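Written out below as structure tokens is the structure these notes cover.
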Amino acid sequence: MITAYKNKEFESILRIGDSMLQIAPANKRVLGSCYDVAWKELGDTLKALDYLRVAVAQHPFDPFFLTNYSWLLLVNGQAIKAVTVCKKAYTFDRSSVAAIVNYAHCMYIMGIKSIANEMYDEAMALTSSEEEFIQAQEADFNLLHSLYPDAGFDLLREAQRKKLSDALVYYQTANQLNREFTAINVKGKATVTEVLSKINEALGAELAREPYRLKRISKYLATSGNTTYKTGQVKTAIQQYQQAIPYNLQLNDNSELGKIYFNIGVIYKNIRTLDSAYYYFDGAAYYYSLAGDKINEAGAYDAMARVYFINDETEKAFPIIKDKVIPLMEKYNAYEDIIDAYLFMSDYYRDKKQDDSVQYYLEKSVETAGINSVQDDKLATLYNQLAVDAAGKKEYSKAKAYQLLALDAIPESEYMTLQNLQALQQTGVIYYAEKDYDSARYYFEKAIDILYTIRGSLPFEEKLRFLSSNSSLFNYLALCHYQAGNHAGVFEALEESRSLVLLEKMGGKPVNKITLAQLQQKMKEDELYLLTYFSNPDDSFSDKLIMSIDKHSTQVKLMSDSAFIFGGTGKLRTTHIDTMFTNFQKSWQQPSDAAENKFLKKSLLIFAIYMQLELAKASDASRGLKLEEKEEKISHSNNARAIGSAFYLALLKPFEKQLVNKKKLIIIPDGQLSFVPFEILTNDNGRHLTEQYTISYQPSIKVAELLAARQLTHTGKK
């Protein structure tokens, strides 16, 4: 079709298009191209109308098809049939001058002049150029006058000319600014800063005039919200969207309200403020339902289901997707949106280990993307899911190919977003699994650049959640530096991971970076730092890093979960232990944990609880937890020593040479190791660490230095 269009072989285009529509009858691009050629190139009104009739049947909520279909119905003398279509097009897109004017024409032909005049006035309020508007309307009026000679379009034309001329003079400054804004609001024509500056200037001009042109104001605010969000300024974007809501309430523009609520919901979902995301998606579904826009209503429900999914409430999300979203989207050919629903189903069945269903929905996704017009951001989601699926099967070459396609599909305008951050991170994970550590580091570092940009724009609570959920990026980066033998890089990455959220909680003040060389220069001869990376950011690999630092040397050890799995000896249950273990694991262990990880966590929990009991009894017998009289007495100490000895072998035995002549051991724990009291680990001779070293703990070196330097005034109060 493209080749035929370049050669102006328009009849060939229609023949090829008809053949393609036999395979994919709802393909938007083919339908739109065939209509365009039939109407604009061949002047075949009836042929064009036939293509639009099919397009509207396949895509009943598409503003482009509806607007053009309503116009061609009028041109073909089918005014009565055009009434419903015109109103529907107007309802779905009240920012389109063409849709509004078509509706006005239809009302005028039907003799309902009061509504027609209201529509004409609304169209004029969106117009910024008298010449452009009059030229467009001249052609309309001449054509419609020949078709409907009794409608009185000559008188209407003169009245409109005068009214429009007066209005444009009154809004002259605002209209000039609108023309300038429209000219630069095109990708590549101006920087984001220039676009936002022009929006603000134009918005100020609109607000300085009365009566307000509500639709124009709403347009500026919504565009500003969208543009600002792409720069990573999340809080400001939300505020601008919210400012547009009351103007659309006055307009009773439910379709636009649905869009605004949905966009705010997307932002909150991306920064993981899930309660707010659910609220706005629910509002979007409500307003879309009022507008009669079933396909976007389904999209809002789909988004609500995804909030459930992110919040680990998959069973609540599943029936919404399966019973409401997919049937509706299939009915109305929402091919771009339905891919997300198919991918959700494949994820759901993957967790259930139902491989046949996983494959079925992945194939549905690929089939849908292959024969229909699918936007780049949807392709990015699809390719990312295919990459995850391939990586899960350890087909890393295939996973890498899909992941690179996903990155390529993300538009440049969406670069500084959470979606791109996650895509870059997943790409890095695949390269790491394939042992291409340099490439993995490259993608992790690019993802971290985006993290810092988004971080600067978030309000406090959202920022903490965002940073917590993405701090594993630095752990990945530390692993890459380890594989390259770069101990300084390991140290800096682990330090950033430990301090990222804590420094934000302490006021978000900038703190100078501490290098490994600077730390060693300050250290004393008898000190040893032990940094651990123990949290597992991804199920595809479970490497653990432990780093030791003294004044003259560093060591980094890589080990797996299996080195830490130890269950203790003898009976392990009492009423007290069982209660503490049950309550604790609710908030720590997850249903999705692998069996190995659950076993690991159980050992750590039992050890941590035993240690706390022993410490309590040793310091004050009256504070120790006593066993119930009828329970069999078991030796907490024996189990504690056995598990403590196993942990010593894994955590400290590899660094025995560095421990020689050391007196002070500084632990920076991570993940599950935060629950372990290192003081009571026992060495090969059965001695506790606390008998040999002064042991202290730090959340991170940067945080510790900041705390030590703080100047606090003592008020004398308790």
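Letters A, B, ... mark the chains of the structure tokens in the order given; residue numbers begin at 1 per chain; ligand numbers begin at 1, in order shown.
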
At a cut-off of 8 Å, using only C-alpha atoms, what residues contact Ala237 (chain A)? Leave out same-chain residues fewer than 3 positions from it and give the result as a VMD selection string. chain A and resid 224 to 229 233 to 234 240 to 241

Output C-alpha atoms for every residue in the selection just made, as a PDB file, in the first residue's frame.
```pdb
ATOM      1  CA  SER A 224       0.382  21.149  30.554  1.00  0.00           C
ATOM      2  CA  GLY A 225      -0.235  18.176  32.837  1.00  0.00           C
ATOM      3  CA  ASN A 226       0.728  15.750  30.099  1.00  0.00           C
ATOM      4  CA  THR A 227       3.856  17.693  29.111  1.00  0.00           C
ATOM      5  CA  THR A 228       4.967  18.243  32.693  1.00  0.00           C
ATOM      6  CA  TYR A 229       4.564  14.556  33.546  1.00  0.00           C
ATOM      7  CA  GLN A 233       7.583  16.590  37.617  1.00  0.00           C
ATOM      8  CA  VAL A 234       4.864  14.339  38.946  1.00  0.00           C
ATOM      9  CA  GLN A 240      -2.534  20.782  36.587  1.00  0.00           C
ATOM     10  CA  TYR A 241      -4.804  17.890  35.698  1.00  0.00           C
TER      11      TYR A 241
END
```

**Asked** In region 69-245 of chain A, what's alpha helix (DSSP H) per DSSP? Answer as a ChimeraX atom specification?
**Response** /A:69-75,79-92,97-109,113-125,130-147,153-170,172-184,192-207,214-230,234-245

Taken to one decimal, the CA of Leu451 (chain A)-CA of Lys702 (chain A) distance is 19.6 Å

Original post:
Which residues come within 9 Å of Gln137 (chain A), counting only C-alpha atoms, excluding same-chain residues fewer than 4 positions away, as a PyMOL selection string?
Top reply: chain A and resi 101+132-133+141-142+157

Judged by only C-alpha atoms, the minimum distance to Val660 (chain A) among A:Phe491, A:Trp71, A:Tyr693, A:Tyr648 is found for A:Tyr693

Inset, instruction - For each of A:Glu367, A:Asp389, A:Asp323, A:Asp526, take the minimum atom-to-atom distance to Asp351 (chain A), counting only C-alpha atoms, then give the residue where this is smallest. - result: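 Of all the options, A:Asp389 lies closest to Asp351 (chain A).
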
Give me the residues of region 259-327 of chain A that have any atom at most 6 Å from an atom of region 246-255 of chain A; for each, the nearest atom pair and the distance in Å, rounded to one decimal. Use only C-alpha atoms, sort by chain and number, and format it as JSON lines.
```
{"residue": "A:Tyr287", "atom": "CA", "partner": "A:Asn254", "partner_atom": "CA", "distance": 5.1}
{"residue": "A:Tyr288", "atom": "CA", "partner": "A:Ser255", "partner_atom": "CA", "distance": 5.7}
{"residue": "A:Ala291", "atom": "CA", "partner": "A:Asn254", "partner_atom": "CA", "distance": 5.3}
```

Save the residues we just selected, C-alpha atoms, as a PDB file, in the first residue's frame?
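Full text of part-v7.pdb as output:
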```pdb
ATOM      1  CA  TYR A 287     -17.372   9.462  33.803  1.00  0.00           C
ATOM      2  CA  TYR A 288     -16.749   7.242  30.787  1.00  0.00           C
ATOM      3  CA  ALA A 291     -20.387   9.564  28.311  1.00  0.00           C
TER       4      ALA A 291
END
```

Kindly indicate which residue among A:Met124, A:Leu500, A:Ala401, A:Leu530 lies nearest to Lys162 (chain A), using only C-alpha atoms for the distances.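 Closest residue, counting only C-alpha atoms: A:Met124.
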
*Name the residues in contact with Arg209 (chain A) at a cut-off of 10 Å, using only C-alpha atoms, excluding same-chain residues fewer than 5 positions from it; report them as number ranges by chain.*
A: 170-171, 174, 204

If you keep N, CA and C atoms, can you produce a file of those selected residues as a short mmCIF file (atom, residue, chain, number, x, y, z; two decimals), in the first residue's frame?
```cif
data_model
loop_
_atom_site.label_atom_id
_atom_site.label_comp_id
_atom_site.auth_asym_id
_atom_site.auth_seq_id
_atom_site.Cartn_x
_atom_site.Cartn_y
_atom_site.Cartn_z
N TYR A 170 -12.04 40.53 20.22
CA TYR A 170 -12.06 40.56 21.68
C TYR A 170 -10.97 39.65 22.26
N TYR A 171 -10.75 38.49 21.61
CA TYR A 171 -9.78 37.52 22.11
C TYR A 171 -8.49 37.52 21.28
N ALA A 174 -5.20 36.42 23.08
CA ALA A 174 -5.28 35.01 23.45
C ALA A 174 -5.20 34.10 22.23
N GLY A 204 -2.77 32.26 30.91
CA GLY A 204 -2.96 33.53 31.61
C GLY A 204 -3.82 34.50 30.81
#
```

Counting only C-alpha atoms, the residue of A:Ala139, A:Ala317, A:Met119, A:Ala26 that sits nearest Glu330 (chain A):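 When distances to Glu330 (chain A) are compared using only C-alpha atoms, the smallest one comes from A:Ala26.
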
What's the separation between CA of Lys259 (chain A) and CA of Leu177 (chain A), in Å to one decimal place?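 Between these atoms lies a distance of 25.0 Å.
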
- With only C-alpha atoms as the basis for distance, which of A:Asp347, A:Glu130, A:Glu691, A:Glu201 is at the shortest distance from Phe678 (chain A)?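 With only C-alpha atoms as the atom set, the closest residue is A:Glu691.
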